[in-house]
Structures are given as structure tokens and as C-alpha cells.
Amino acid sequence: MTLEKVALVTGANKGIGFAAARQLGERGVAVLVGARDEALGKRAADALAADGIAATPIGLDVTDPARVAEAAGEIERRYGRLDILVNNAGTAGDFTGAPSEAGAADLREVYETNVFGVVTVTGAMLPLLLRSPAGRVVNLSSHVGSLTLQSDPDSPLAGVNMIAYQSSKTALNAVTVAYAKELRRTPVKVNTALPGVVATDINHHRGRRTPAEGAAIVVRLALLDEDGPSGACLADEGPVPW
């Protein structure tokens with residue numbers, strides 16, 4: 001199989017990240033399985049490789065700029081470019097109380113991964129993405145990050161009020177738009193994927209969708225053609241209001 005593209009998926013040792021890595025690999029993409037725990041990353045990459053997918057583990061803690069820089073250097077030495085970046089790593093944090101009970105530290109814990117981590121990884125990988133003829137960045141957000149849906153009393157999300165997680169995804173949406181605006185005259189497209197309520201560790205596997213179902217929109221955005229959007233917020237059902 002000819003490998004035409006190289007993709008880095010953060011948090012790819014399980015859940016949506018692992019499913020996205022599998023689906024990209026099945027389409028002939030060489031997948032770098034980013035994982036904070038290198039042993040778990042190797043296990044995931046080996047599982048994919050056993051199914052004929054070109055998968056390589058790469059140690060990557062999105063909250064550690066030094067490790068992110070090391071990963072970027074490794075990718076440059078091996079491939080000289082990066083075609084796809086999937087910013088999948090995320091956390092809901094430990095805080096579950098009312099917004100009025102939250103402190104800055106409760107939000108900071110979540111933002112370190114969901115927002116600052118995305119900025120760190122994207123900044124480090126962007127020079128490699130710009131070497132690609134069709135660089136793609138996919139940020140995994142959530143319907144709960146939509147201010148429109150959050151503030152609508154008739155929305156199915158009206159009763160959801162997780163200040164740290166929800167606001168981090170709203171911030172991530174803004175980060176996505178900012179990168180898309182900067183890169184609009186380049187071949188790099190930056191979009192937000194909303195996988196839906198997927199059964200993963202983040203919700204104690206209470207989601208209605210499988211990781212494979214959630215990964216479908218991620219892969220679709222990762223493989224956008226030249227006429228595809230940039231700066232969009234998309235779910236399987238189509239665009240979602242910011």
C-alpha cells in the first residue's frame with residue numbers, strides 16, 4: 001500500500017483517537033499514535049499494525065512543551081512533513097460542582113489539555129503542516145461548547161452546566177477560528193469536529209455512540225479535499241452553530 005499522507009493523532013491509544021487512527025490507517029494514511037503513556041501508545045500502535053495499518057507510536061504529552069517539541073523533531077526527521085493533525089486528547093477534569101463553586105484551578109486543569117495543549121501541539125506541528133500540499137487540522141470539540149445551544153432553554157443541552165469542560169470547548173472553537181483565519185491563504189484547513197456523545201472514559205462509557213461512529217466526522221475533516229471548508233464546526237448532521 002502506498003502511503004500518501006502522514007497523520008498525528010493525539011490521545012490515540014484509546015477511544016475516539018484510536019478509532020480515528022484506525023480509520024485513517026485503513027485509508028492508506030501512515031498514523032502516528034500519540035500517547036502520554038508510551039507503553040499504552042506502543043500497545044495501541046501494535047494492535048493497529050497487526051491489522052495491516054502503518055502505525056507508529058510517538059510519546060506525546062500535550063501539556064508538556066518539551067515533549068511536544070521532541071515529537072515534532074522526530075516527525076521532521078522521519079517524514080519531513082505532516083499532512084494531518086488530529087487534536088483529540090481531552091479531559092473533563094475532576095470538578096463536578098456548580099459553576100459558583102468552581103475556582104480558577106478547576107478550570108485550569110481542563111484548559112491545560114483542552115485548550116493550551118491544542119495551542120502547544122498546533123504551534124509545534126504547523127511548520128510541518130505547511131510543508132504538506134494539503135495540511136489538515138481537526139480539533140475535537142463538543143456540542144456543549146456551542147454558546148448558541150448552551151443558552152437556548154429549549155435545547156437538549158439546557159440542563160448541562162459543566163463550567164470547566166463546556167467553557168474549554170467554547171474556547172477551543174474560538175482557537176479553531178483564529179487559526180483558520182490566519183491560514184486561509186495557505187493549503188492548511190483547520191476545522192472543529194463534534195463526534196457526539198460517544199462512550200469513552202471521559203463520560204464513564206455512558207455515551208450513546210461508539211468510538212468508531214464518533215471518529216467518522218474526524219476522518220471526514222482530516223481528508224477534506226481542496227474545496228472543503230476551513231473554520232467550520234461540523235457534526236455528522238452538518239454545521240453546528242458556534
# chains A, B, ... in the order shown; residues from 1 in each chain; ligands from 1
call {"tool": "residues_around", "arguments": {"residues": "stretch 140-145 of chain A", "least_positions_apart": "5", "cutoff": "8 Å", "atoms": "only C-alpha atoms", "output": "PDB file with N, CA, C and O atoms, in the first residue's frame"}}
result
ATOM      1  N   VAL A  86      -4.664  15.621  14.246  1.00  0.00           N
ATOM      2  CA  VAL A  86      -5.934  15.470  14.946  1.00  0.00           C
ATOM      3  C   VAL A  86      -5.690  15.746  16.423  1.00  0.00           C
ATOM      4  O   VAL A  86      -5.041  14.953  17.109  1.00  0.00           O
ATOM      5  N   ASN A  87      -6.179  16.885  16.894  1.00  0.00           N
ATOM      6  CA  ASN A  87      -6.050  17.251  18.304  1.00  0.00           C
ATOM      7  C   ASN A  87      -7.202  16.600  19.068  1.00  0.00           C
ATOM      8  O   ASN A  87      -8.250  17.210  19.293  1.00  0.00           O
ATOM      9  N   ASN A  88      -6.973  15.350  19.452  1.00  0.00           N
ATOM     10  CA  ASN A  88      -8.020  14.548  20.093  1.00  0.00           C
ATOM     11  C   ASN A  88      -7.909  14.513  21.608  1.00  0.00           C
ATOM     12  O   ASN A  88      -8.926  14.400  22.306  1.00  0.00           O
ATOM     13  N   GLN A 150     -25.990  26.167  24.278  1.00  0.00           N
ATOM     14  CA  GLN A 150     -25.954  26.273  25.735  1.00  0.00           C
ATOM     15  C   GLN A 150     -26.985  27.258  26.277  1.00  0.00           C
ATOM     16  O   GLN A 150     -27.564  27.053  27.347  1.00  0.00           O
ATOM     17  N   LEU A 157     -29.397  20.582  25.533  1.00  0.00           N
ATOM     18  CA  LEU A 157     -28.263  20.827  26.414  1.00  0.00           C
ATOM     19  C   LEU A 157     -28.578  21.821  27.517  1.00  0.00           C
ATOM     20  O   LEU A 157     -27.692  22.199  28.287  1.00  0.00           O
ATOM     21  N   VAL A 160     -27.344  20.966  30.969  1.00  0.00           N
ATOM     22  CA  VAL A 160     -25.926  20.643  31.144  1.00  0.00           C
ATOM     23  C   VAL A 160     -25.178  21.907  31.544  1.00  0.00           C
ATOM     24  O   VAL A 160     -25.265  22.931  30.861  1.00  0.00           O
ATOM     25  N   GLN A 166     -17.305  22.650  29.434  1.00  0.00           N
ATOM     26  CA  GLN A 166     -18.036  23.375  28.402  1.00  0.00           C
ATOM     27  C   GLN A 166     -17.287  24.626  27.950  1.00  0.00           C
ATOM     28  O   GLN A 166     -17.165  24.889  26.753  1.00  0.00           O
ATOM     29  N   SER A 167     -16.784  25.403  28.893  1.00  0.00           N
ATOM     30  CA  SER A 167     -16.093  26.630  28.505  1.00  0.00           C
ATOM     31  C   SER A 167     -14.788  26.331  27.783  1.00  0.00           C
ATOM     32  O   SER A 167     -14.366  27.087  26.902  1.00  0.00           O
ATOM     33  N   SER A 168     -14.149  25.201  28.120  1.00  0.00           N
ATOM     34  CA  SER A 168     -12.909  24.847  27.416  1.00  0.00           C
ATOM     35  C   SER A 168     -13.198  24.526  25.956  1.00  0.00           C
ATOM     36  O   SER A 168     -12.407  24.868  25.064  1.00  0.00           O
ATOM     37  N   LYS A 169     -14.328  23.895  25.685  1.00  0.00           N
ATOM     38  CA  LYS A 169     -14.668  23.581  24.300  1.00  0.00           C
ATOM     39  C   LYS A 169     -15.118  24.832  23.542  1.00  0.00           C
ATOM     40  O   LYS A 169     -14.870  24.956  22.335  1.00  0.00           O
ATOM     41  N   THR A 170     -15.752  25.757  24.240  1.00  0.00           N
ATOM     42  CA  THR A 170     -16.075  27.045  23.607  1.00  0.00           C
ATOM     43  C   THR A 170     -14.788  27.773  23.240  1.00  0.00           C
ATOM     44  O   THR A 170     -14.664  28.334  22.142  1.00  0.00           O
ATOM     45  N   ALA A 171     -13.826  27.768  24.157  1.00  0.00           N
ATOM     46  CA  ALA A 171     -12.532  28.396  23.871  1.00  0.00           C
ATOM     47  C   ALA A 171     -11.835  27.699  22.710  1.00  0.00           C
ATOM     48  O   ALA A 171     -11.225  28.350  21.856  1.00  0.00           O
ATOM     49  N   LEU A 172     -11.922  26.378  22.668  1.00  0.00           N
ATOM     50  CA  LEU A 172     -11.309  25.633  21.573  1.00  0.00           C
ATOM     51  C   LEU A 172     -11.931  26.016  20.238  1.00  0.00           C
ATOM     52  O   LEU A 172     -11.230  26.130  19.221  1.00  0.00           O
ATOM     53  N   ASN A 173     -13.237  26.220  20.223  1.00  0.00           N
ATOM     54  CA  ASN A 173     -13.889  26.666  18.992  1.00  0.00           C
ATOM     55  C   ASN A 173     -13.310  28.002  18.524  1.00  0.00           C
ATOM     56  O   ASN A 173     -13.064  28.210  17.331  1.00  0.00           O
ATOM     57  N   THR A 192     -13.300  22.179  13.343  1.00  0.00           N
ATOM     58  CA  THR A 192     -13.702  21.540  14.589  1.00  0.00           C
ATOM     59  C   THR A 192     -14.657  20.393  14.278  1.00  0.00           C
ATOM     60  O   THR A 192     -15.607  20.562  13.513  1.00  0.00           O
ATOM     61  N   ALA A 193     -14.394  19.235  14.881  1.00  0.00           N
ATOM     62  CA  ALA A 193     -15.261  18.069  14.719  1.00  0.00           C
ATOM     63  C   ALA A 193     -16.040  17.819  16.004  1.00  0.00           C
ATOM     64  O   ALA A 193     -15.474  17.873  17.099  1.00  0.00           O
ATOM     65  N   LEU A 194     -17.320  17.565  15.864  1.00  0.00           N
ATOM     66  CA  LEU A 194     -18.178  17.239  17.002  1.00  0.00           C
ATOM     67  C   LEU A 194     -18.613  15.786  16.858  1.00  0.00           C
ATOM     68  O   LEU A 194     -19.479  15.475  16.046  1.00  0.00           O
ATOM     69  N   PRO A 195     -18.019  14.888  17.630  1.00  0.00           N
ATOM     70  CA  PRO A 195     -18.296  13.461  17.451  1.00  0.00           C
ATOM     71  C   PRO A 195     -19.602  12.982  18.072  1.00  0.00           C
ATOM     72  O   PRO A 195     -20.004  11.847  17.846  1.00  0.00           O
ATOM     73  N   GLY A 196     -20.258  13.837  18.852  1.00  0.00           N
ATOM     74  CA  GLY A 196     -21.470  13.409  19.543  1.00  0.00           C
ATOM     75  C   GLY A 196     -21.145  12.794  20.886  1.00  0.00           C
ATOM     76  O   GLY A 196     -20.004  12.839  21.354  1.00  0.00           O
ATOM     77  N   VAL A 218     -14.404  13.048  12.264  1.00  0.00           N
ATOM     78  CA  VAL A 218     -12.990  13.416  12.392  1.00  0.00           C
ATOM     79  C   VAL A 218     -12.238  13.051  11.121  1.00  0.00           C
ATOM     80  O   VAL A 218     -11.487  13.862  10.562  1.00  0.00           O
ATOM     81  N   VAL A 240     -22.797  23.048  12.979  1.00  0.00           N
ATOM     82  CA  VAL A 240     -23.388  23.316  14.286  1.00  0.00           C
ATOM     83  C   VAL A 240     -23.073  24.762  14.650  1.00  0.00           C
ATOM     84  O   VAL A 240     -21.937  25.216  14.474  1.00  0.00           O
ATOM     85  N   TRP A 242     -21.923  28.097  16.415  1.00  0.00           N
ATOM     86  CA  TRP A 242     -20.940  28.355  17.467  1.00  0.00           C
ATOM     87  C   TRP A 242     -21.633  28.786  18.750  1.00  0.00           C
ATOM     88  O   TRP A 242     -21.154  28.590  19.821  1.00  0.00           O
TER      89      TRP A 242
END
call {"tool": "residues_around", "arguments": {"residues": "A:Leu48", "least_positions_apart": "6", "cutoff": "9 Å", "atoms": "only C-alpha atoms", "output": "ChimeraX atom specification"}}
result
/A:18,21-22,25,54-55
call {"tool": "closest_residue", "arguments": {"among": "A:Leu223, A:Ala66, A:Ala44, A:Met125", "to": "A:Arg81", "atoms": "only C-alpha atoms"}}
result
A:Met125
call {"tool": "closest_residue", "arguments": {"among": "A:Ala158, A:Val29, A:Asp94, A:Gly15", "to": "A:Arg108", "atoms": "only C-alpha atoms"}}
result
A:Asp94
call {"tool": "atom_distance", "arguments": {"atom1": "atom CA of A:Tyr79", "atom2": "atom CA of A:Val177"}}
result
27.9 Å
call {"tool": "atom_distance", "arguments": {"atom1": "atom CA of A:Arg220", "atom2": "atom CA of A:Asp37"}}
result
27.3 Å
call {"tool": "residues_around", "arguments": {"residues": "A:Leu8", "least_positions_apart": "6", "cutoff": "8 Å", "atoms": "only C-alpha atoms", "output": "list in words"}}
result
Val31, Leu32, Val33, Gly34, Leu82, Ile84, Leu85 and Val86 of chain A
call {"tool": "write_last_selection", "arguments": {"atoms": "C-alpha atoms", "output": "mmCIF file, in the first residue's frame"}}
result
data_model
loop_
_atom_site.group_PDB
_atom_site.id
_atom_site.type_symbol
_atom_site.label_atom_id
_atom_site.label_comp_id
_atom_site.auth_asym_id
_atom_site.auth_seq_id
_atom_site.Cartn_x
_atom_site.Cartn_y
_atom_site.Cartn_z
ATOM 1 C CA VAL A 31 -0.605 7.055 11.509
ATOM 2 C CA LEU A 32 1.458 8.361 14.408
ATOM 3 C CA VAL A 33 -0.213 7.163 17.594
ATOM 4 C CA GLY A 34 0.325 9.981 20.077
ATOM 5 C CA LEU A 82 2.912 16.313 8.463
ATOM 6 C CA ILE A 84 -2.910 15.686 9.208
ATOM 7 C CA LEU A 85 -3.045 16.746 12.837
ATOM 8 C CA VAL A 86 -5.934 15.470 14.946
#
call {"tool": "closest_residue", "arguments": {"among": "A:Ala222, A:Cys233, A:Met162, A:Val138", "to": "A:Val190", "atoms": "only C-alpha atoms"}}
result
A:Val138
call {"tool": "select_by_dssp", "arguments": {"residues": "stretch 42-109 of chain A", "states": "strand (DSSP E)", "output": "list in words"}}
result
Ala55, Thr56, Pro57, Ile58, Gly59, Ile84, Leu85, Val86 and Asn87 of chain A
call {"tool": "closest_residue", "arguments": {"among": "A:Leu183, A:Val118, A:Val175, A:Ala19", "to": "A:Leu130", "atoms": "only C-alpha atoms"}}
result
A:Leu183
call {"tool": "closest_residue", "arguments": {"among": "A:Val121, A:Val219, A:Leu126, A:Val188", "to": "A:Ala71", "atoms": "only C-alpha atoms"}}
result
A:Val121
call {"tool": "residues_around", "arguments": {"residues": "A:Arg43", "least_positions_apart": "3", "cutoff": "12 Å", "atoms": "only C-alpha atoms", "output": "list in words"}}
result
Ala12, Asn13, Lys14, Phe18, Val33, Gly34, Ala35, Asp37, Glu38, Ala39, Leu40, Asp46, Ala47, Leu48, Ala49, Ala50, Ala55, Thr56, Pro57 and Ile58 of chain A
call {"tool": "decode", "arguments": {"residues": "stretch 123-173 of chain A", "atoms": "C-alpha atoms", "output": "mmCIF file, in the first residue's frame"}}
result
data_model
loop_
_atom_site.group_PDB
_atom_site.id
_atom_site.type_symbol
_atom_site.label_atom_id
_atom_site.label_comp_id
_atom_site.auth_asym_id
_atom_site.auth_seq_id
_atom_site.Cartn_x
_atom_site.Cartn_y
_atom_site.Cartn_z
ATOM 1 C CA GLY A 123 2.184 25.596 17.093
ATOM 2 C CA ALA A 124 4.867 22.911 17.107
ATOM 3 C CA MET A 125 3.399 20.988 14.165
ATOM 4 C CA LEU A 126 2.390 23.921 11.974
ATOM 5 C CA PRO A 127 5.763 24.276 10.201
ATOM 6 C CA LEU A 128 5.461 20.607 9.205
ATOM 7 C CA LEU A 129 1.825 21.012 8.143
ATOM 8 C CA LEU A 130 2.787 23.940 5.931
ATOM 9 C CA ARG A 131 5.143 21.599 4.048
ATOM 10 C CA SER A 132 2.172 19.444 3.091
ATOM 11 C CA PRO A 133 0.325 20.159 -0.158
ATOM 12 C CA ALA A 134 -2.944 19.794 1.766
ATOM 13 C CA GLY A 135 -2.415 20.143 5.515
ATOM 14 C CA ARG A 136 -5.427 19.449 7.716
ATOM 15 C CA VAL A 137 -6.004 20.205 11.408
ATOM 16 C CA VAL A 138 -9.012 18.700 13.181
ATOM 17 C CA ASN A 139 -9.832 19.838 16.718
ATOM 18 C CA LEU A 140 -12.232 17.659 18.682
ATOM 19 C CA SER A 141 -14.860 19.808 20.340
ATOM 20 C CA SER A 142 -18.386 19.094 21.584
ATOM 21 C CA HIS A 143 -21.951 20.274 21.124
ATOM 22 C CA VAL A 144 -21.738 21.563 24.702
ATOM 23 C CA GLY A 145 -19.159 24.099 23.517
ATOM 24 C CA SER A 146 -21.771 25.877 21.393
ATOM 25 C CA LEU A 147 -22.876 29.114 23.081
ATOM 26 C CA THR A 148 -26.000 29.056 20.916
ATOM 27 C CA LEU A 149 -27.048 25.628 22.152
ATOM 28 C CA GLN A 150 -25.954 26.273 25.735
ATOM 29 C CA SER A 151 -28.031 29.432 26.052
ATOM 30 C CA ASP A 152 -31.198 28.099 24.399
ATOM 31 C CA PRO A 153 -33.645 27.000 27.152
ATOM 32 C CA ASP A 154 -35.312 24.646 24.666
ATOM 33 C CA SER A 155 -32.034 22.966 23.685
ATOM 34 C CA PRO A 156 -31.366 19.362 24.761
ATOM 35 C CA LEU A 157 -28.263 20.827 26.414
ATOM 36 C CA ALA A 158 -30.198 23.288 28.574
ATOM 37 C CA GLY A 159 -29.660 21.193 31.683
ATOM 38 C CA VAL A 160 -25.926 20.643 31.144
ATOM 39 C CA ASN A 161 -23.786 23.078 33.136
ATOM 40 C CA MET A 162 -20.186 21.854 33.392
ATOM 41 C CA ILE A 163 -18.312 25.125 33.628
ATOM 42 C CA ALA A 164 -14.801 23.793 33.084
ATOM 43 C CA TYR A 165 -15.429 21.337 30.260
ATOM 44 C CA GLN A 166 -18.036 23.375 28.402
ATOM 45 C CA SER A 167 -16.093 26.630 28.505
ATOM 46 C CA SER A 168 -12.909 24.847 27.416
ATOM 47 C CA LYS A 169 -14.668 23.581 24.300
ATOM 48 C CA THR A 170 -16.075 27.045 23.607
ATOM 49 C CA ALA A 171 -12.532 28.396 23.871
ATOM 50 C CA LEU A 172 -11.309 25.633 21.573
ATOM 51 C CA ASN A 173 -13.889 26.666 18.992
#
